[in-house]
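Student: Quick one: structure below, then a few questions.
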Amino acid sequence: LYFQGLTFCRLGQEIEAITTFETYLKNPEGEQRDEVLLALGQLYLNRGELTKAAVTFEAIQKPSLYKSAQLNVVKVHLKKEEFKEAQQLL
């Protein structure tokens, strides 16, 4: 499902990608869980679903993806004009 979701992303089929990634996350032991969370958060961010995006990015635990997730949370705060919150994360 991970690669299927990525394919939908590349084809610009955001709804299908979101549905696929959300289905993937129903299995809590998926190997690409954090990669899916990052991609899903980005999709939410692109669609203006800012609260969903922030919650999704904040669920990422893999150290190699943590900085990217935090920077995306900063983007969410900036889009919401929550400048103090964004600054605290930098």
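Quick note on naming: the chains in the structure tokens go A, B, ... in the order shown, residues restart at 1 in each chain, and ligands are numbered from 1 in order of appearance.
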So that I can check the surroundings of Thr51 of chain A, please list as a PDB file with N, CA, C and O atoms, in the first residue's frame every protein, DNA and RNA residue that reaches within 12 Å of it, counting only C-alpha atoms and ignoring chain neighbours fewer than 2 positions away.

Tutor:
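Okay, part09.pdb is ready:
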```pdb
ATOM      1  N   GLY A  41       0.921  13.609   5.884  1.00  0.00           N
ATOM      2  CA  GLY A  41       0.935  14.961   6.436  1.00  0.00           C
ATOM      3  C   GLY A  41       1.139  16.008   5.366  1.00  0.00           C
ATOM      4  O   GLY A  41       0.503  17.066   5.368  1.00  0.00           O
ATOM      5  N   GLN A  42       2.005  15.708   4.419  1.00  0.00           N
ATOM      6  CA  GLN A  42       2.259  16.643   3.314  1.00  0.00           C
ATOM      7  C   GLN A  42       1.005  16.813   2.452  1.00  0.00           C
ATOM      8  O   GLN A  42       0.675  17.924   2.029  1.00  0.00           O
ATOM      9  N   TYR A  44      -2.110  16.427   3.482  1.00  0.00           N
ATOM     10  CA  TYR A  44      -3.037  17.251   4.271  1.00  0.00           C
ATOM     11  C   TYR A  44      -2.633  18.729   4.210  1.00  0.00           C
ATOM     12  O   TYR A  44      -3.471  19.603   4.049  1.00  0.00           O
ATOM     13  N   LEU A  45      -1.338  18.991   4.345  1.00  0.00           N
ATOM     14  CA  LEU A  45      -0.834  20.366   4.304  1.00  0.00           C
ATOM     15  C   LEU A  45      -1.167  21.009   2.958  1.00  0.00           C
ATOM     16  O   LEU A  45      -1.668  22.139   2.902  1.00  0.00           O
ATOM     17  N   ARG A  47      -3.534  20.339   0.998  1.00  0.00           N
ATOM     18  CA  ARG A  47      -4.984  20.508   0.847  1.00  0.00           C
ATOM     19  C   ARG A  47      -5.556  21.522   1.839  1.00  0.00           C
ATOM     20  O   ARG A  47      -6.751  21.773   1.856  1.00  0.00           O
ATOM     21  N   GLY A  48      -4.698  22.074   2.709  1.00  0.00           N
ATOM     22  CA  GLY A  48      -5.157  23.059   3.674  1.00  0.00           C
ATOM     23  C   GLY A  48      -5.782  22.453   4.920  1.00  0.00           C
ATOM     24  O   GLY A  48      -6.390  23.165   5.717  1.00  0.00           O
ATOM     25  N   GLU A  49      -5.639  21.162   5.096  1.00  0.00           N
ATOM     26  CA  GLU A  49      -6.149  20.476   6.290  1.00  0.00           C
ATOM     27  C   GLU A  49      -5.059  20.557   7.368  1.00  0.00           C
ATOM     28  O   GLU A  49      -4.380  19.584   7.667  1.00  0.00           O
ATOM     29  N   ALA A  53      -2.727  17.803   9.362  1.00  0.00           N
ATOM     30  CA  ALA A  53      -1.317  17.777   8.973  1.00  0.00           C
ATOM     31  C   ALA A  53      -0.430  17.818  10.207  1.00  0.00           C
ATOM     32  O   ALA A  53       0.495  17.004  10.346  1.00  0.00           O
ATOM     33  N   ALA A  54      -0.703  18.735  11.115  1.00  0.00           N
ATOM     34  CA  ALA A  54       0.130  18.867  12.315  1.00  0.00           C
ATOM     35  C   ALA A  54       0.107  17.594  13.150  1.00  0.00           C
ATOM     36  O   ALA A  54       1.159  17.109  13.588  1.00  0.00           O
ATOM     37  N   VAL A  55      -1.078  17.049  13.377  1.00  0.00           N
ATOM     38  CA  VAL A  55      -1.200  15.824  14.177  1.00  0.00           C
ATOM     39  C   VAL A  55      -0.437  14.685  13.512  1.00  0.00           C
ATOM     40  O   VAL A  55       0.253  13.900  14.189  1.00  0.00           O
ATOM     41  N   THR A  56      -0.528  14.592  12.207  1.00  0.00           N
ATOM     42  CA  THR A  56       0.150  13.532  11.470  1.00  0.00           C
ATOM     43  C   THR A  56       1.661  13.686  11.556  1.00  0.00           C
ATOM     44  O   THR A  56       2.373  12.722  11.841  1.00  0.00           O
ATOM     45  N   PHE A  57       2.172  14.892  11.342  1.00  0.00           N
ATOM     46  CA  PHE A  57       3.614  15.117  11.440  1.00  0.00           C
ATOM     47  C   PHE A  57       4.122  14.833  12.858  1.00  0.00           C
ATOM     48  O   PHE A  57       5.202  14.273  13.038  1.00  0.00           O
ATOM     49  N   GLU A  58       3.352  15.216  13.850  1.00  0.00           N
ATOM     50  CA  GLU A  58       3.786  15.028  15.240  1.00  0.00           C
ATOM     51  C   GLU A  58       3.805  13.562  15.663  1.00  0.00           C
ATOM     52  O   GLU A  58       4.441  13.212  16.649  1.00  0.00           O
ATOM     53  N   ASN A  72       7.843  20.684   8.899  1.00  0.00           N
ATOM     54  CA  ASN A  72       6.489  20.729   8.357  1.00  0.00           C
ATOM     55  C   ASN A  72       5.493  21.234   9.391  1.00  0.00           C
ATOM     56  O   ASN A  72       4.536  21.924   9.039  1.00  0.00           O
ATOM     57  N   VAL A  73       5.709  20.926  10.655  1.00  0.00           N
ATOM     58  CA  VAL A  73       4.852  21.469  11.717  1.00  0.00           C
ATOM     59  C   VAL A  73       5.025  22.990  11.770  1.00  0.00           C
ATOM     60  O   VAL A  73       4.061  23.735  11.943  1.00  0.00           O
ATOM     61  N   LYS A  75       5.711  24.859   9.205  1.00  0.00           N
ATOM     62  CA  LYS A  75       4.933  25.350   8.064  1.00  0.00           C
ATOM     63  C   LYS A  75       3.452  25.454   8.406  1.00  0.00           C
ATOM     64  O   LYS A  75       2.777  26.412   8.021  1.00  0.00           O
ATOM     65  N   VAL A  76       2.947  24.452   9.124  1.00  0.00           N
ATOM     66  CA  VAL A  76       1.538  24.473   9.532  1.00  0.00           C
ATOM     67  C   VAL A  76       1.270  25.702  10.391  1.00  0.00           C
ATOM     68  O   VAL A  76       0.308  26.446  10.158  1.00  0.00           O
ATOM     69  N   HIS A  77       2.131  25.933  11.386  1.00  0.00           N
ATOM     70  CA  HIS A  77       1.939  27.088  12.269  1.00  0.00           C
ATOM     71  C   HIS A  77       2.017  28.403  11.492  1.00  0.00           C
ATOM     72  O   HIS A  77       1.242  29.333  11.752  1.00  0.00           O
ATOM     73  N   LYS A  79       1.246  28.863   8.312  1.00  0.00           N
ATOM     74  CA  LYS A  79       0.014  28.999   7.517  1.00  0.00           C
ATOM     75  C   LYS A  79      -1.162  29.420   8.387  1.00  0.00           C
ATOM     76  O   LYS A  79      -2.066  30.101   7.922  1.00  0.00           O
ATOM     77  N   LYS A  80      -1.133  29.008   9.658  1.00  0.00           N
ATOM     78  CA  LYS A  80      -2.199  29.387  10.591  1.00  0.00           C
ATOM     79  C   LYS A  80      -1.914  30.737  11.247  1.00  0.00           C
ATOM     80  O   LYS A  80      -2.673  31.178  12.104  1.00  0.00           O
TER      81      LYS A  80
END
```

Student: Measuring between only C-alpha atoms, which one of A:Glu85, A:Val74, A:Lys67, A:Phe3 shows the shortest distance to Val36 of chain A?

Tutor: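 Nearest candidate to Val36 of chain A out of A:Glu85, A:Val74, A:Lys67, A:Phe3: A:Phe3.
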
Student: Please return as a PyMOL selection string: the residues of chain A that backbone DSSP assigns to alpha helix (DSSP H).

Tutor: chain A and resi 2-10+14-24+33-46+50-58+63-79+83-89

Student: Fewer than 4 positions away in the same chain doesn't count, so skip those; otherwise give me all residues within 12 Å of segment 24-26 of chain A, counting only C-alpha atoms, as number ranges by chain.

Tutor: A: 1-6, 17-20, 30-40, 56, 59

Student: Grab the atom CA of Glu14 of chain A to atom CA of Ala69 of chain A distance for me, in Å with one decimal place.

Tutor: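 If I compute the distance from atom CA of Glu14 of chain A to atom CA of Ala69 of chain A, I get 19.4 Å.
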
Student: Take atom CA of Glu22 of chain A and atom CA of Lys52 of chain A and report the distance between them in Å, one decimal.

Tutor: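 Atom-to-atom, atom CA of Glu22 of chain A to atom CA of Lys52 of chain A, that is 11.9 Å.
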